[in-house]
Structure formats: C-alpha cells, structure tokens
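**Q** The structure's right below; bear with me while I get my questions together.
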Amino acid sequence: LFDLDGTLTDSEPGIVNSVRYALRSFGMEAEPATLRSFIGPPLYDSFRGTMGMSDADAKRAVDTYRVYFRDKGIFENAPYPGVPEMLEALRAAGRRLIVATSKPEVFAKRIAEHFGFAGALGGRIRRDRKERSSKIDVIRYAMRERGITPSSAVMVGDRKYDITGAREAGLADIGVLYGYGSREELVEAGATRLAASVA
C-alpha cells in the first residue's frame with residue numbers, strides 16, 4: 001500500500017496553490033509552512049484544526065479547494081524520480097500495488113494515468129468513501145476490499161499518519177524521507193524502516 005502525496009508524487013505546488021485559492025475565498029492568507037502542513041492530513045481536518053474554521057466553513061473550503069485542484073492543481077505535480085520504474089519492477093515481481101490515499105479516488109486515478117503509472121498499479125486505487133477519512137480508515141477499506149491480511153502487506157508513506165495507520169492495522173511500515181514528513185516525525189510515530197530515496 002502506497003501513500004500518494006509525498007510518497008509517489010511531489011504534489012506540493014498543486015496542493016499549496018489549491019489551499020491558497022480556498023483560503024482567499026474566505027479573505028484569509030497563511031504562511032508557507034502552514035500551507036505546506038495541509039499535505040498529508042485530510043483537508044477537512046486541516047481547515048478545521050489548522051485554520052480554526054467551523055464545520056460548515058471547512059466543508060465549503062474543501063469544495064472550493066477542489067474547484068482549483070480539479071483542473072489546475074492536480075497537474076502541478078510530478079512523480080519522484082524512479083517511481084514509475086519502482087512500481088513496474090514491483091508489479092513484474094508479482095506484488096499487488098494499491099494506493100491508499102485520503103484524496104478522492106477520481107483524482108488519484110487521474111494522477112496515476114497522467115504520469116503513466118496507472119498500469120503498474122493495475123487500476124487498484126482505493127480509498128474510503130467518507131469525506132473525513134483518517135489514514136487508518138483508508139487502510140482498513142483497502143484491506144477489506146482487496147482481502148489483504150496484516151501479515152501480507154506493508155504500508156509505505158511519508159507522514160506520521162501513514163505509520164500510525166499501519167501500526168493500528170497491524171501492517172509492516174516503511175517511512176520515506178524524501179517526502180513531506182521529517183525523520184523525527186516518522187521515528188516518533190514508530191516507523192520501523194526508513195528509506196532515504198526511491199531507490
């Protein structure tokens with residue numbers, strides 16, 4: 001199971017621009033570090049927790065974010081060097097590959113198709129249908145839908161949510177250091193393996 005943003009693709013420009021677009025619709029601005037903090041957690045949680053929005057405003061902010069993201073932000077993005085080759089090598093070795101992301105499935109599929117690695121993923125992109133899915137919800141959904149047992153899978157991601165989600169689901173984990181989380185964040189979350197690069 002692979003996280004998408006910060007693990008397979010460097011999506012910071014599109015996400016940050018989409019968040020900025022949503023915030024400006026409320027007459028709000030945010031510092032670069034705050035904007036970057038939106039990469040990883042569910043959007044609703046970030047608009048509520050980071051920006052202090054009400055439930056209704058956070059939902060409206062998510063909708064506004066997606067207006068920009070749907071046509072522009074989605075492609076302000078690029079796979080990390082070596083990712084398509086890594087996925088193809090894993091697929092050729094007989095591994096089942098699944099993207100476990102809080103991003104809506106339609107966006108995840110478009111990204112994989114646009115950057116040419118949808119074939120290696122076999123189209124198996126899964127997420128929970130709930131708007132406010134935590135990573136553990138997403139992982140459990142993928143496991144249930146694909147008949148995955150904890151001992152047969154590993155979760156690969158760049159943020160603490162990926163590591164804690166893996167631990168809660170009983171999966172092995174790999175934290176990647178080239179994404180948006182720090183070594184300290186991943187270690188504190190309990191990461192058992194760390195990868196400095198795609199290779």
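So you can find residues: chains in the structure tokens are A, B, ... in the order shown, residues in each start at 1, and ligands are numbered from 1 in order.
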Check stretch 83-195 of chain A with DSSP on the backbone and list each residue it calls helix (DSSP H, G or I), as a ChimeraX atom specification.
**A** /A:83-92,105-114,118-121,135-146,150-152,160-169,183-189
**Q** Write out as a list in words each polymer residue whose atoms come within 9 Å of A:Thr50, counting only C-alpha atoms; drop sequence neighbours fewer than 5 positions from it.
**A** Thr34, Ser37, Phe38 and Asp45 of chain A
**Q** Using the chain letters and numbers from this document, which residues of stretch 2-197 of chain A does DSSP assign to strand (DSSP E), as a PDB file with N, CA, C and O atoms, in the first residue's frame?
**A**
```
ATOM      1  N   THR A   9       4.327  10.971  -5.578  1.00  0.00           N
ATOM      2  CA  THR A   9       4.466  12.226  -6.330  1.00  0.00           C
ATOM      3  C   THR A   9       4.796  13.399  -5.418  1.00  0.00           C
ATOM      4  O   THR A   9       4.407  13.437  -4.253  1.00  0.00           O
ATOM      5  N   ASP A  10       5.515  14.366  -6.022  1.00  0.00           N
ATOM      6  CA  ASP A  10       5.838  15.624  -5.349  1.00  0.00           C
ATOM      7  C   ASP A  10       4.721  16.605  -5.705  1.00  0.00           C
ATOM      8  O   ASP A  10       4.754  17.277  -6.724  1.00  0.00           O
ATOM      9  N   ALA A  78       4.402  16.087  -9.871  1.00  0.00           N
ATOM     10  CA  ALA A  78       5.263  15.227 -10.686  1.00  0.00           C
ATOM     11  C   ALA A  78       5.682  14.017  -9.871  1.00  0.00           C
ATOM     12  O   ALA A  78       5.888  14.121  -8.655  1.00  0.00           O
ATOM     13  N   PRO A  79       5.814  12.854 -10.506  1.00  0.00           N
ATOM     14  CA  PRO A  79       6.313  11.690  -9.768  1.00  0.00           C
ATOM     15  C   PRO A  79       7.764  11.916  -9.358  1.00  0.00           C
ATOM     16  O   PRO A  79       8.522  12.572 -10.082  1.00  0.00           O
ATOM     17  N   VAL A  99      -2.840   2.163  -4.035  1.00  0.00           N
ATOM     18  CA  VAL A  99      -2.652   3.492  -3.470  1.00  0.00           C
ATOM     19  C   VAL A  99      -3.679   3.678  -2.351  1.00  0.00           C
ATOM     20  O   VAL A  99      -4.876   3.520  -2.569  1.00  0.00           O
ATOM     21  N   ALA A 100      -3.193   3.996  -1.163  1.00  0.00           N
ATOM     22  CA  ALA A 100      -4.052   4.253  -0.006  1.00  0.00           C
ATOM     23  C   ALA A 100      -3.946   5.738   0.311  1.00  0.00           C
ATOM     24  O   ALA A 100      -3.003   6.178   0.967  1.00  0.00           O
ATOM     25  N   ILE A 125      -6.790   1.491  -7.132  1.00  0.00           N
ATOM     26  CA  ILE A 125      -6.666   2.670  -6.276  1.00  0.00           C
ATOM     27  C   ILE A 125      -7.897   2.721  -5.391  1.00  0.00           C
ATOM     28  O   ILE A 125      -9.014   2.778  -5.877  1.00  0.00           O
ATOM     29  N   ARG A 126      -7.681   2.669  -4.097  1.00  0.00           N
ATOM     30  CA  ARG A 126      -8.797   2.552  -3.173  1.00  0.00           C
ATOM     31  C   ARG A 126      -8.738   3.619  -2.091  1.00  0.00           C
ATOM     32  O   ARG A 126      -7.678   3.969  -1.606  1.00  0.00           O
ATOM     33  N   VAL A 154       2.543  -4.230   3.402  1.00  0.00           N
ATOM     34  CA  VAL A 154       3.339  -3.158   4.003  1.00  0.00           C
ATOM     35  C   VAL A 154       2.761  -1.824   3.546  1.00  0.00           C
ATOM     36  O   VAL A 154       2.338  -1.683   2.399  1.00  0.00           O
ATOM     37  N   MET A 155       2.728  -0.862   4.455  1.00  0.00           N
ATOM     38  CA  MET A 155       2.276   0.493   4.143  1.00  0.00           C
ATOM     39  C   MET A 155       3.511   1.369   3.974  1.00  0.00           C
ATOM     40  O   MET A 155       4.384   1.407   4.855  1.00  0.00           O
ATOM     41  N   VAL A 156       3.577   2.093   2.845  1.00  0.00           N
ATOM     42  CA  VAL A 156       4.707   2.969   2.551  1.00  0.00           C
ATOM     43  C   VAL A 156       4.198   4.406   2.517  1.00  0.00           C
ATOM     44  O   VAL A 156       3.262   4.711   1.769  1.00  0.00           O
ATOM     45  N   GLY A 157       4.789   5.284   3.324  1.00  0.00           N
ATOM     46  CA  GLY A 157       4.320   6.669   3.338  1.00  0.00           C
ATOM     47  C   GLY A 157       5.335   7.620   3.939  1.00  0.00           C
ATOM     48  O   GLY A 157       6.347   7.192   4.505  1.00  0.00           O
ATOM     49  N   ALA A 172       3.226  -4.010   8.474  1.00  0.00           N
ATOM     50  CA  ALA A 172       4.588  -3.502   8.477  1.00  0.00           C
ATOM     51  C   ALA A 172       4.566  -2.117   7.841  1.00  0.00           C
ATOM     52  O   ALA A 172       3.599  -1.755   7.162  1.00  0.00           O
ATOM     53  N   ASP A 173       5.627  -1.332   8.064  1.00  0.00           N
ATOM     54  CA  ASP A 173       5.641   0.024   7.524  1.00  0.00           C
ATOM     55  C   ASP A 173       7.018   0.388   6.993  1.00  0.00           C
ATOM     56  O   ASP A 173       8.026  -0.157   7.435  1.00  0.00           O
ATOM     57  N   ILE A 174       7.023   1.310   6.040  1.00  0.00           N
ATOM     58  CA  ILE A 174       8.249   1.936   5.565  1.00  0.00           C
ATOM     59  C   ILE A 174       7.978   3.438   5.485  1.00  0.00           C
ATOM     60  O   ILE A 174       7.056   3.867   4.789  1.00  0.00           O
ATOM     61  N   GLY A 175       8.765   4.213   6.199  1.00  0.00           N
ATOM     62  CA  GLY A 175       8.652   5.666   6.133  1.00  0.00           C
ATOM     63  C   GLY A 175       9.661   6.204   5.140  1.00  0.00           C
ATOM     64  O   GLY A 175      10.844   5.842   5.204  1.00  0.00           O
ATOM     65  N   VAL A 176       9.215   7.042   4.194  1.00  0.00           N
ATOM     66  CA  VAL A 176      10.141   7.604   3.213  1.00  0.00           C
ATOM     67  C   VAL A 176      10.571   8.996   3.642  1.00  0.00           C
ATOM     68  O   VAL A 176       9.753   9.802   4.096  1.00  0.00           O
ATOM     69  N   LEU A 194      13.107   3.009   7.371  1.00  0.00           N
ATOM     70  CA  LEU A 194      13.158   4.311   6.728  1.00  0.00           C
ATOM     71  C   LEU A 194      13.884   4.177   5.396  1.00  0.00           C
ATOM     72  O   LEU A 194      14.889   3.465   5.298  1.00  0.00           O
ATOM     73  N   ALA A 195      13.370   4.862   4.375  1.00  0.00           N
ATOM     74  CA  ALA A 195      14.010   4.856   3.058  1.00  0.00           C
ATOM     75  C   ALA A 195      14.374   6.285   2.699  1.00  0.00           C
ATOM     76  O   ALA A 195      13.507   7.160   2.649  1.00  0.00           O
TER      77      ALA A 195
END
```
**Q** Return the single residue from A:His114, A:Ser46, A:Val83, A:Ile136 that is closest to A:Ala58, with distances computed using only C-alpha atoms.
**A** A:Ser46
**Q** So, counting only C-alpha atoms, which residue among A:Pro41, A:Gly6, A:Pro13, A:Gly52 is closest to A:Leu177?
**A**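 Answer, going by the shortest atom-to-atom distance: A:Gly6.
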**Q** Residues at most 10 Å from A:Glu185, counting only C-alpha atoms, excluding those fewer than 6 positions away in the same chain, as number ranges by chain?
**A** A: 158-161, 163, 175, 191
**Q** In Å, how far is it from atom CA of A:Arg20 to atom CA of A:Asp162?
**A**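 A separation of 24.8 Å between them.
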**Q** Would you kindly return, as a short mmCIF file (atom, residue, chain, number, x, y, z; two decimals) with N, CA, C and O atoms, in the first residue's frame, each protein, DNA or RNA residue with an atom no farther than 10 Å from any atom of A:Leu23, considering only C-alpha atoms and excluding same-chain residues fewer than 6 positions away?
**A**
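After the write, around23.cif holds the following:
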```
data_model
loop_
_atom_site.label_atom_id
_atom_site.label_comp_id
_atom_site.auth_asym_id
_atom_site.auth_seq_id
_atom_site.Cartn_x
_atom_site.Cartn_y
_atom_site.Cartn_z
N ASN A 17 -1.21 25.65 -3.85
CA ASN A 17 -1.97 26.62 -4.64
C ASN A 17 -3.47 26.44 -4.46
O ASN A 17 -4.23 27.42 -4.44
N GLU A 29 -5.23 34.42 4.49
CA GLU A 29 -3.91 34.07 3.96
C GLU A 29 -3.22 33.20 4.99
O GLU A 29 -3.63 33.15 6.16
N ALA A 30 -2.17 32.51 4.57
CA ALA A 30 -1.42 31.67 5.51
C ALA A 30 0.05 31.66 5.11
O ALA A 30 0.39 31.84 3.94
N LEU A 35 0.68 26.45 4.90
CA LEU A 35 0.13 25.88 3.66
C LEU A 35 0.68 24.48 3.43
O LEU A 35 -0.05 23.56 3.05
N PHE A 47 -8.45 22.31 7.53
CA PHE A 47 -9.19 23.57 7.53
C PHE A 47 -9.81 23.83 8.91
O PHE A 47 -9.84 24.98 9.38
N MET A 51 -6.74 26.04 10.59
CA MET A 51 -7.27 27.38 10.30
C MET A 51 -8.41 27.78 11.23
O MET A 51 -8.89 28.90 11.17
N ALA A 61 -14.70 25.11 2.32
CA ALA A 61 -13.30 25.29 1.92
C ALA A 61 -12.80 24.09 1.12
O ALA A 61 -12.08 24.24 0.13
N VAL A 62 -13.20 22.88 1.53
CA VAL A 62 -12.82 21.67 0.79
C VAL A 62 -13.40 21.73 -0.62
O VAL A 62 -12.71 21.44 -1.61
N THR A 64 -14.22 24.39 -2.32
CA THR A 64 -13.54 25.45 -3.06
C THR A 64 -12.14 25.01 -3.48
O THR A 64 -11.69 25.27 -4.60
N TYR A 65 -11.44 24.33 -2.58
CA TYR A 65 -10.12 23.75 -2.89
C TYR A 65 -10.22 22.89 -4.15
O TYR A 65 -9.39 22.99 -5.05
#
```
**Q** Using only C-alpha atoms for the distances, tell me which of A:Ala92, A:Met143, A:Met86, A:Leu43 is nearest to A:Ala22.
**A**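 Residue with the minimum atom-to-atom distance to A:Ala22: A:Leu43.
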**Q** Excluding A:Ala120 and any residue of its chain fewer than 2 positions from it, enumerate the residues within 6 Å of it, using only C-alpha atoms, and give them as JSON, numbers by chain.
**A** {"A": [87, 88, 91, 117, 118, 122]}
**Q** Return the single residue from A:Glu76, A:Asp55, A:Asp137, A:Glu184 that is closest to A:Thr101, with distances computed using only C-alpha atoms.
**A**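 Under the stated criterion, the closest residue is A:Asp137.
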**Q** Go ahead and compute the interatomic distance for atom CA of A:Ser152 and atom CA of A:Leu171, in Å to one decimal.
**A**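 Atom CA of A:Ser152 sits 8.0 Å away from atom CA of A:Leu171.
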**Q** Would you list the contacts of A:Ser134 as a PyMOL selection string, taking every protein, DNA or RNA residue within 9 Å and counting only C-alpha atoms, but skipping same-chain residues closer than 5 positions in sequence?
**A** chain A and resi 41-42+102+128+139+161+165
**Q** Residues of the last selection are to be written out with C-alpha atoms, as a JSON list (two decimals), in the first residue's frame.
**A**
```
[["chain", "number", "residue", "atom", "x", "y", "z"],
["A", 41, "PRO", "CA", -3.85, 15.03, 6.57],
["A", 42, "PRO", "CA", -7.46, 15.04, 5.36],
["A", 102, "SER", "CA", -7.34, 10.34, 1.51],
["A", 128, "ASP", "CA", -12.75, 5.06, 1.97],
["A", 139, "ILE", "CA", -6.04, 1.37, 5.02],
["A", 161, "TYR", "CA", -0.47, 9.27, 9.61],
["A", 165, "GLY", "CA", -2.32, 3.87, 10.38]]
```
**Q** Neighbours of A:Arg70 within 12 Å (only C-alpha atoms; same-chain residues fewer than 3 positions away dropped), as a list in words?
**A** Gly14, Ile15, Asn17, Ser18, Val62, Asp63, Thr64, Tyr65, Arg66, Val67, Gly73, Ile74, Phe75, Glu76, Lys103, Pro104, Val106, Phe107, Ala108, Arg110 and Ile111 of chain A
**Q** The selected residues should be written to file as a PDB file, in the first residue's frame (atoms: N, CA, C and O atoms).
**A**
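As a result, part01.pdb now contains:
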```pdb
ATOM      1  N   GLY A  14       0.712  21.997  -6.379  1.00  0.00           N
ATOM      2  CA  GLY A  14      -0.721  21.948  -6.632  1.00  0.00           C
ATOM      3  C   GLY A  14      -1.559  22.010  -5.375  1.00  0.00           C
ATOM      4  O   GLY A  14      -2.610  22.673  -5.349  1.00  0.00           O
ATOM      5  N   ILE A  15      -1.118  21.346  -4.323  1.00  0.00           N
ATOM      6  CA  ILE A  15      -1.870  21.361  -3.069  1.00  0.00           C
ATOM      7  C   ILE A  15      -1.810  22.747  -2.433  1.00  0.00           C
ATOM      8  O   ILE A  15      -2.828  23.299  -2.011  1.00  0.00           O
ATOM      9  N   ASN A  17      -1.206  25.655  -3.846  1.00  0.00           N
ATOM     10  CA  ASN A  17      -1.970  26.618  -4.642  1.00  0.00           C
ATOM     11  C   ASN A  17      -3.474  26.440  -4.460  1.00  0.00           C
ATOM     12  O   ASN A  17      -4.231  27.424  -4.438  1.00  0.00           O
ATOM     13  N   SER A  18      -3.914  25.201  -4.311  1.00  0.00           N
ATOM     14  CA  SER A  18      -5.337  24.924  -4.109  1.00  0.00           C
ATOM     15  C   SER A  18      -5.799  25.396  -2.737  1.00  0.00           C
ATOM     16  O   SER A  18      -6.895  25.951  -2.590  1.00  0.00           O
ATOM     17  N   VAL A  62     -13.201  22.878   1.531  1.00  0.00           N
ATOM     18  CA  VAL A  62     -12.820  21.675   0.787  1.00  0.00           C
ATOM     19  C   VAL A  62     -13.399  21.727  -0.619  1.00  0.00           C
ATOM     20  O   VAL A  62     -12.711  21.439  -1.612  1.00  0.00           O
ATOM     21  N   ASP A  63     -14.658  22.110  -0.726  1.00  0.00           N
ATOM     22  CA  ASP A  63     -15.293  22.215  -2.047  1.00  0.00           C
ATOM     23  C   ASP A  63     -14.585  23.252  -2.918  1.00  0.00           C
ATOM     24  O   ASP A  63     -14.371  23.029  -4.117  1.00  0.00           O
ATOM     25  N   THR A  64     -14.219  24.387  -2.317  1.00  0.00           N
ATOM     26  CA  THR A  64     -13.543  25.447  -3.064  1.00  0.00           C
ATOM     27  C   THR A  64     -12.138  25.006  -3.478  1.00  0.00           C
ATOM     28  O   THR A  64     -11.692  25.270  -4.603  1.00  0.00           O
ATOM     29  N   TYR A  65     -11.438  24.331  -2.579  1.00  0.00           N
ATOM     30  CA  TYR A  65     -10.122  23.753  -2.895  1.00  0.00           C
ATOM     31  C   TYR A  65     -10.216  22.894  -4.154  1.00  0.00           C
ATOM     32  O   TYR A  65      -9.393  22.990  -5.055  1.00  0.00           O
ATOM     33  N   ARG A  66     -11.240  22.077  -4.215  1.00  0.00           N
ATOM     34  CA  ARG A  66     -11.360  21.134  -5.333  1.00  0.00           C
ATOM     35  C   ARG A  66     -11.693  21.814  -6.655  1.00  0.00           C
ATOM     36  O   ARG A  66     -11.411  21.257  -7.713  1.00  0.00           O
ATOM     37  N   VAL A  67     -12.274  23.008  -6.596  1.00  0.00           N
ATOM     38  CA  VAL A  67     -12.526  23.761  -7.825  1.00  0.00           C
ATOM     39  C   VAL A  67     -11.193  24.041  -8.525  1.00  0.00           C
ATOM     40  O   VAL A  67     -11.054  23.829  -9.736  1.00  0.00           O
ATOM     41  N   GLY A  73      -4.544  22.369 -10.129  1.00  0.00           N
ATOM     42  CA  GLY A  73      -3.657  21.863  -9.084  1.00  0.00           C
ATOM     43  C   GLY A  73      -3.269  20.409  -9.249  1.00  0.00           C
ATOM     44  O   GLY A  73      -2.157  20.010  -8.901  1.00  0.00           O
ATOM     45  N   ILE A  74      -4.167  19.610  -9.797  1.00  0.00           N
ATOM     46  CA  ILE A  74      -3.925  18.179  -9.937  1.00  0.00           C
ATOM     47  C   ILE A  74      -2.672  17.890 -10.750  1.00  0.00           C
ATOM     48  O   ILE A  74      -1.966  16.906 -10.522  1.00  0.00           O
ATOM     49  N   PHE A  75      -2.350  18.771 -11.717  1.00  0.00           N
ATOM     50  CA  PHE A  75      -1.200  18.540 -12.578  1.00  0.00           C
ATOM     51  C   PHE A  75      -0.006  19.439 -12.233  1.00  0.00           C
ATOM     52  O   PHE A  75       1.005  19.404 -12.925  1.00  0.00           O
ATOM     53  N   GLU A  76      -0.127  20.243 -11.173  1.00  0.00           N
ATOM     54  CA  GLU A  76       1.021  20.972 -10.633  1.00  0.00           C
ATOM     55  C   GLU A  76       1.720  20.009  -9.673  1.00  0.00           C
ATOM     56  O   GLU A  76       1.698  20.162  -8.460  1.00  0.00           O
ATOM     57  N   LYS A 103      -7.110  11.300  -0.707  1.00  0.00           N
ATOM     58  CA  LYS A 103      -7.541  12.048  -1.884  1.00  0.00           C
ATOM     59  C   LYS A 103      -8.695  11.298  -2.563  1.00  0.00           C
ATOM     60  O   LYS A 103      -8.678  10.064  -2.638  1.00  0.00           O
ATOM     61  N   PRO A 104      -9.710  11.990  -3.079  1.00  0.00           N
ATOM     62  CA  PRO A 104     -10.795  11.303  -3.784  1.00  0.00           C
ATOM     63  C   PRO A 104     -10.262  10.403  -4.900  1.00  0.00           C
ATOM     64  O   PRO A 104      -9.297  10.748  -5.590  1.00  0.00           O
ATOM     65  N   VAL A 106     -11.242   9.636  -7.814  1.00  0.00           N
ATOM     66  CA  VAL A 106     -11.204  10.166  -9.174  1.00  0.00           C
ATOM     67  C   VAL A 106      -9.928  10.964  -9.412  1.00  0.00           C
ATOM     68  O   VAL A 106      -9.327  10.890 -10.502  1.00  0.00           O
ATOM     69  N   PHE A 107      -9.452  11.713  -8.407  1.00  0.00           N
ATOM     70  CA  PHE A 107      -8.224  12.476  -8.554  1.00  0.00           C
ATOM     71  C   PHE A 107      -7.008  11.548  -8.567  1.00  0.00           C
ATOM     72  O   PHE A 107      -6.078  11.735  -9.357  1.00  0.00           O
ATOM     73  N   ALA A 108      -7.007  10.561  -7.673  1.00  0.00           N
ATOM     74  CA  ALA A 108      -5.875   9.633  -7.617  1.00  0.00           C
ATOM     75  C   ALA A 108      -5.716   8.892  -8.941  1.00  0.00           C
ATOM     76  O   ALA A 108      -4.593   8.714  -9.436  1.00  0.00           O
ATOM     77  N   ARG A 110      -6.703   9.941 -11.948  1.00  0.00           N
ATOM     78  CA  ARG A 110      -6.245  10.876 -12.984  1.00  0.00           C
ATOM     79  C   ARG A 110      -4.746  11.136 -12.861  1.00  0.00           C
ATOM     80  O   ARG A 110      -4.035  11.224 -13.867  1.00  0.00           O
ATOM     81  N   ILE A 111      -4.259  11.251 -11.639  1.00  0.00           N
ATOM     82  CA  ILE A 111      -2.832  11.491 -11.424  1.00  0.00           C
ATOM     83  C   ILE A 111      -2.023  10.296 -11.910  1.00  0.00           C
ATOM     84  O   ILE A 111      -1.037  10.451 -12.638  1.00  0.00           O
TER      85      ILE A 111
END
```
